[in-house]
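Peer 1: Would you mind keeping the following structure in view while I ask a few things?
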Amino acid sequence: MNVMAVGADSERRTDHPLIEFDHVGMIYQGARQSFVAVDDLAVAVPRGQFCCVVGPSGCGKSTLLNMVAGLLEPSRGTVRYDGAPVQGPNTRVGYVTQKDNLLPWRSVRRNVGLPLELRGVGKRERAERVDQMLDLVGLAGFGDAYPRELSGGMRKRVTLARTLVYEPEVILADEPFGALDSQLRTVLQDQLVRIWERTRATVVFITHDLGEAVALGDRVVVMSSRPSRVVLDRTIDIPRPRDVFSVRFDPRFAALHEELWAALSPEIEGRGRA
Ligand SMILES: Nc1ncnc2c1ncn2[C@@H]1O[C@H](COP(=O)(O)OP(=O)(O)OP(=O)(O)O)[C@@H](O)[C@H]1O
Ligand SMILES: [Mg+2]
């Protein structure tokens, strides 16, 4: 497999979107039949944007992230990263996958430190950054625990810490806060927004929570049920810096939430489209 060049010395071009789905389709071949998961999707994410994606379960959201990460090839069309088609694992993106993939034989600290280890960051700096990150995701004191000793929500937070710790230029996050209670979720949303406002990474963030999408995103893309396409692409014009605790009281928040719900609700299974 080809591994894409790591960005450090590649020239930074800004005349194209950082991530581009150019008329992408995905057809999965089942045992007896094939079915179209994604149909002719055209979405471009500019550098530095916080782009949220919502859509009904099974519409192909994880499929799209897997394509950007280079783990899956589209059946039709092209996925471009920084102007070039994605071919093979894309080492420029940090990926918080839907299902955590922590290494069971490594402690929490050594899981989170792994990307720094791979990048040759020295032991002392590594320890400092890992501890800072564990603190930030509310897991200080769990550094020596093993993944099997953690709850689902804790494992998810370790996965998030492992991605944020090395500040990748792109963060792909697949429902990173899905398994958390609403208080912890708000705290982590706040941390993520602060990190993002400092680093201005490009983020593609999948969530089922419309409130979360409006609070965090510069933009929300609403996808239809399968075969999926974009039903609404909405700029979130709530100014930054944002405070995720109080943004919900902004009058624009309620209006945007309502508009997104109107687009999404007919797509949800059981609500039946006319
Ligand atoms: N490897 C695969 N082989 C066959 N079908 C697949 C495969 N991966 C996904 N699918 C199907 O493709 C569709 C899209 O899957 P995907 O995981 O991208 O959905 P999703 O939008 O992320 O859903 P959820 O919100 O539940 O996570 C689903 O109907 C799923 O059953
Ligand atoms: Mg998914």
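Note on naming: chains are A, B, ... as they come in the structure tokens, residues start from 1 per chain, ligands start from 1 in the order shown.
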Counting only C-alpha atoms and all ligand atoms, which protein, DNA or RNA residues come within 12 Å of ligand 1, given as a count of residues only?
Peer 2: 57
Peer 1: Considering only strand (DSSP E) as DSSP defines it on the backbone, what residues of segment 145-188 of chain A qualify? List them as number ranges by chain.
Peer 2: A: 170-174
Peer 1: Write a file of the just-selected residues containing C-alpha atoms, as a compact mmCIF listing (two decimals), in the first residue's frame.
Peer 2:
# COMPACT_ATOMS: atom_id res chain seq x y z
CA VAL A 170 -6.99 17.10 10.60
CA ILE A 171 -9.13 15.47 13.27
CA LEU A 172 -11.71 12.98 12.10
CA ALA A 173 -14.01 12.27 15.03
CA ASP A 174 -16.75 9.66 14.84
Peer 1: Extract, using only C-alpha atoms, all DNA, RNA and protein residues at most 12 Å from Gln49 of chain A, discarding same-chain residues fewer than 4 positions from it, and format them as a CSV table (one decimal) with all heavy atoms, in the first residue's frame.
Peer 2:
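After the write, around-v9.csv holds the following:
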chain,number,residue,atom,x,y,z
A,17,PRO,N,-9.7,22.9,-1.4
A,17,PRO,CA,-10.2,22.5,-0.1
A,17,PRO,C,-9.2,21.4,0.4
A,17,PRO,O,-8.6,20.7,-0.3
A,17,PRO,CB,-11.6,21.8,-0.4
A,17,PRO,CG,-11.7,21.7,-1.8
A,17,PRO,CD,-10.7,22.5,-2.5
A,18,LEU,N,-9.1,21.3,1.8
A,18,LEU,CA,-8.2,20.3,2.3
A,18,LEU,C,-8.8,18.9,2.1
A,18,LEU,O,-8.0,18.0,1.8
A,18,LEU,CB,-8.0,20.6,3.8
A,18,LEU,CG,-6.9,19.8,4.5
A,18,LEU,CD1,-5.6,19.9,3.8
A,18,LEU,CD2,-6.8,20.1,5.9
A,19,ILE,N,-10.1,18.8,2.3
A,19,ILE,CA,-10.7,17.5,2.0
A,19,ILE,C,-11.8,17.7,1.0
A,19,ILE,O,-12.6,18.6,1.1
A,19,ILE,CB,-11.4,17.0,3.4
A,19,ILE,CG1,-10.3,16.8,4.4
A,19,ILE,CG2,-12.1,15.7,3.1
A,19,ILE,CD1,-10.9,16.6,5.8
A,44,ALA,N,-17.0,19.7,0.1
A,44,ALA,CA,-15.6,20.1,0.2
A,44,ALA,C,-15.4,20.8,1.6
A,44,ALA,O,-16.2,21.6,2.0
A,44,ALA,CB,-15.2,21.1,-0.9
A,45,VAL,N,-14.4,20.4,2.3
A,45,VAL,CA,-14.1,21.0,3.6
A,45,VAL,C,-12.8,21.8,3.5
A,45,VAL,O,-11.7,21.3,3.3
A,45,VAL,CB,-13.9,19.9,4.7
A,45,VAL,CG1,-13.7,20.5,6.0
A,45,VAL,CG2,-15.1,19.0,4.7
A,169,GLU,N,-3.1,17.8,11.8
A,169,GLU,CA,-3.7,18.9,11.0
A,169,GLU,C,-5.2,18.7,10.8
A,169,GLU,O,-5.9,19.6,10.5
A,169,GLU,CB,-2.9,19.2,9.7
A,169,GLU,CG,-3.0,18.2,8.7
A,169,GLU,CD,-2.3,18.5,7.4
A,169,GLU,OE1,-1.9,19.7,7.2
A,169,GLU,OE2,-2.2,17.7,6.5
A,170,VAL,N,-5.6,17.4,10.8
A,170,VAL,CA,-7.0,17.1,10.6
A,170,VAL,C,-7.4,16.1,11.7
A,170,VAL,O,-6.7,15.2,12.0
A,170,VAL,CB,-7.3,16.4,9.2
A,170,VAL,CG1,-8.6,15.8,9.2
A,170,VAL,CG2,-7.1,17.5,8.1
A,171,ILE,N,-8.6,16.4,12.3
A,171,ILE,CA,-9.1,15.5,13.3
A,171,ILE,C,-10.4,14.9,12.7
A,171,ILE,O,-11.3,15.7,12.4
A,171,ILE,CB,-9.4,16.2,14.6
A,171,ILE,CG1,-8.1,16.7,15.2
A,171,ILE,CG2,-10.1,15.2,15.6
A,171,ILE,CD1,-8.3,17.7,16.4
A,172,LEU,N,-10.5,13.6,12.5
A,172,LEU,CA,-11.7,13.0,12.1
A,172,LEU,C,-12.3,12.4,13.4
A,172,LEU,O,-11.6,11.6,14.0
A,172,LEU,CB,-11.4,11.9,11.1
A,172,LEU,CG,-10.6,12.2,9.8
A,172,LEU,CD1,-10.3,11.0,9.0
A,172,LEU,CD2,-11.4,13.3,9.0
A,196,TRP,N,-9.4,23.6,19.7
A,196,TRP,CA,-9.6,23.9,18.3
A,196,TRP,C,-9.4,25.4,18.0
A,196,TRP,O,-8.7,25.8,17.0
A,196,TRP,CB,-11.0,23.5,17.8
A,196,TRP,CG,-11.2,23.8,16.3
A,196,TRP,CD1,-10.7,23.1,15.3
A,196,TRP,CD2,-11.8,25.0,15.8
A,196,TRP,NE1,-11.0,23.8,14.1
A,196,TRP,CE2,-11.7,24.9,14.4
A,196,TRP,CE3,-12.5,26.0,16.4
A,196,TRP,CZ2,-12.3,25.9,13.6
A,196,TRP,CZ3,-13.0,27.0,15.6
A,196,TRP,CH2,-12.9,26.9,14.2
A,197,GLU,N,-9.9,26.2,18.9
A,197,GLU,CA,-9.7,27.7,18.7
A,197,GLU,C,-8.2,28.1,18.8
A,197,GLU,O,-7.8,29.1,18.2
A,197,GLU,CB,-10.6,28.5,19.7
A,197,GLU,CG,-12.0,28.5,19.2
A,197,GLU,CD,-13.1,29.1,20.2
A,197,GLU,OE1,-12.7,29.4,21.3
A,197,GLU,OE2,-14.2,29.2,19.8
A,199,THR,N,-5.6,25.7,18.0
A,199,THR,CA,-4.8,25.1,16.9
A,199,THR,C,-5.4,25.3,15.5
A,199,THR,O,-4.6,25.1,14.5
A,199,THR,CB,-4.7,23.6,17.2
A,199,THR,OG1,-6.1,23.0,17.1
A,199,THR,CG2,-4.1,23.2,18.5
A,200,ARG,N,-6.7,25.5,15.4
A,200,ARG,CA,-7.3,25.7,14.1
A,200,ARG,C,-7.1,24.5,13.2
A,200,ARG,O,-6.8,24.6,12.0
A,200,ARG,CB,-7.0,27.0,13.4
A,200,ARG,CG,-7.5,28.2,14.2
A,200,ARG,CD,-9.0,28.4,14.0
A,200,ARG,NE,-9.5,29.3,15.0
A,200,ARG,CZ,-10.6,29.9,14.9
A,200,ARG,NH1,-11.4,29.7,13.9
A,200,ARG,NH2,-11.0,30.7,15.8
A,201,ALA,N,-7.1,23.3,13.8
A,201,ALA,CA,-7.1,22.1,13.0
A,201,ALA,C,-8.3,22.0,12.1
A,201,ALA,O,-9.3,22.7,12.4
A,201,ALA,CB,-7.0,20.9,13.9
A,202,THR,N,-8.3,21.3,11.1
A,202,THR,CA,-9.5,21.0,10.3
A,202,THR,C,-10.2,19.8,11.0
A,202,THR,O,-9.6,18.8,11.2
A,202,THR,CB,-9.2,20.7,8.8
A,202,THR,OG1,-8.3,21.7,8.3
A,202,THR,CG2,-10.4,20.5,8.0
A,203,VAL,N,-11.5,20.0,11.2
A,203,VAL,CA,-12.2,18.9,11.9
A,203,VAL,C,-13.4,18.4,11.1
A,203,VAL,O,-14.2,19.2,10.6
A,203,VAL,CB,-12.7,19.4,13.3
A,203,VAL,CG1,-13.4,18.3,14.1
A,203,VAL,CG2,-11.5,19.9,14.2
A,204,VAL,N,-13.5,17.1,11.0
A,204,VAL,CA,-14.8,16.5,10.5
A,204,VAL,C,-15.3,15.7,11.7
A,204,VAL,O,-14.7,14.8,12.2
A,204,VAL,CB,-14.6,15.6,9.3
A,204,VAL,CG1,-16.0,15.1,8.8
A,204,VAL,CG2,-13.9,16.4,8.2
A,205,PHE,N,-16.5,16.2,12.2
A,205,PHE,CA,-17.0,15.7,13.5
A,205,PHE,C,-18.4,15.1,13.3
A,205,PHE,O,-19.3,15.8,12.9
A,205,PHE,CB,-17.1,16.9,14.4
A,205,PHE,CG,-17.4,16.5,15.8
A,205,PHE,CD1,-16.5,16.4,16.8
A,205,PHE,CD2,-18.8,16.4,16.2
A,205,PHE,CE1,-16.8,16.2,18.1
A,205,PHE,CE2,-19.1,16.1,17.6
A,205,PHE,CZ,-18.1,16.0,18.5
A,216,LEU,N,-20.7,23.3,18.3
A,216,LEU,CA,-19.3,23.2,18.0
A,216,LEU,C,-19.0,23.7,16.6
A,216,LEU,O,-17.9,24.2,16.4
A,216,LEU,CB,-18.9,21.7,18.1
A,216,LEU,CG,-19.1,21.0,19.4
A,216,LEU,CD1,-18.5,19.6,19.3
A,216,LEU,CD2,-18.3,21.7,20.5
A,217,GLY,N,-19.8,23.5,15.6
A,217,GLY,CA,-19.4,23.6,14.2
A,217,GLY,C,-19.4,25.0,13.6
A,217,GLY,O,-20.2,25.9,14.0
A,218,ASP,N,-18.6,25.1,12.5
A,218,ASP,CA,-18.7,26.3,11.6
A,218,ASP,C,-19.8,26.0,10.6
A,218,ASP,O,-20.3,26.9,9.9
A,218,ASP,CB,-17.4,26.5,10.8
A,218,ASP,CG,-16.3,26.9,11.7
A,218,ASP,OD1,-16.5,27.7,12.6
A,218,ASP,OD2,-15.2,26.4,11.5
A,219,ARG,N,-20.1,24.7,10.5
A,219,ARG,CA,-21.0,24.2,9.4
A,219,ARG,C,-21.6,22.9,9.8
A,219,ARG,O,-20.9,22.1,10.5
A,219,ARG,CB,-20.1,24.1,8.2
A,219,ARG,CG,-20.7,23.4,7.0
A,219,ARG,CD,-19.6,23.0,6.1
A,219,ARG,NE,-20.0,22.6,4.8
A,219,ARG,CZ,-19.2,22.2,3.9
A,219,ARG,NH1,-17.9,22.2,4.1
A,219,ARG,NH2,-19.7,21.8,2.7
A,220,VAL,N,-22.8,22.6,9.5
A,220,VAL,CA,-23.4,21.3,9.7
A,220,VAL,C,-23.9,20.8,8.4
A,220,VAL,O,-24.7,21.4,7.7
A,220,VAL,CB,-24.5,21.3,10.7
A,220,VAL,CG1,-25.1,19.9,10.9
A,220,VAL,CG2,-24.1,21.9,12.1
A,235,THR,N,-24.3,26.8,7.2
A,235,THR,CA,-23.2,27.6,7.9
A,235,THR,C,-23.8,27.9,9.3
A,235,THR,O,-24.9,28.4,9.4
A,235,THR,CB,-22.9,28.9,7.2
A,235,THR,OG1,-22.4,28.5,5.9
A,235,THR,CG2,-21.8,29.7,7.9
A,236,ILE,N,-23.0,27.7,10.3
A,236,ILE,CA,-23.4,28.1,11.7
A,236,ILE,C,-22.7,29.5,12.0
A,236,ILE,O,-21.5,29.5,12.3
A,236,ILE,CB,-23.0,27.0,12.7
A,236,ILE,CG1,-23.5,25.7,12.3
A,236,ILE,CG2,-23.4,27.4,14.1
A,236,ILE,CD1,-25.0,25.6,12.2
Peer 1: Kindly give the distance, in Å, that separates atom CA of Arg109 of chain A and atom CA of Gly94 of chain A, rounded to a single decimal.
Peer 2: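 For atom CA of Arg109 of chain A relative to atom CA of Gly94 of chain A, the distance reads 17.8 Å.
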Peer 1: Considering only C-alpha atoms, can you say which of A:Glu212, A:Asp237, A:Asn111, A:Val68 comes closest to Pro251 of chain A?
Peer 2: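 Among the listed residues, A:Asp237 lies closest to Pro251 of chain A.
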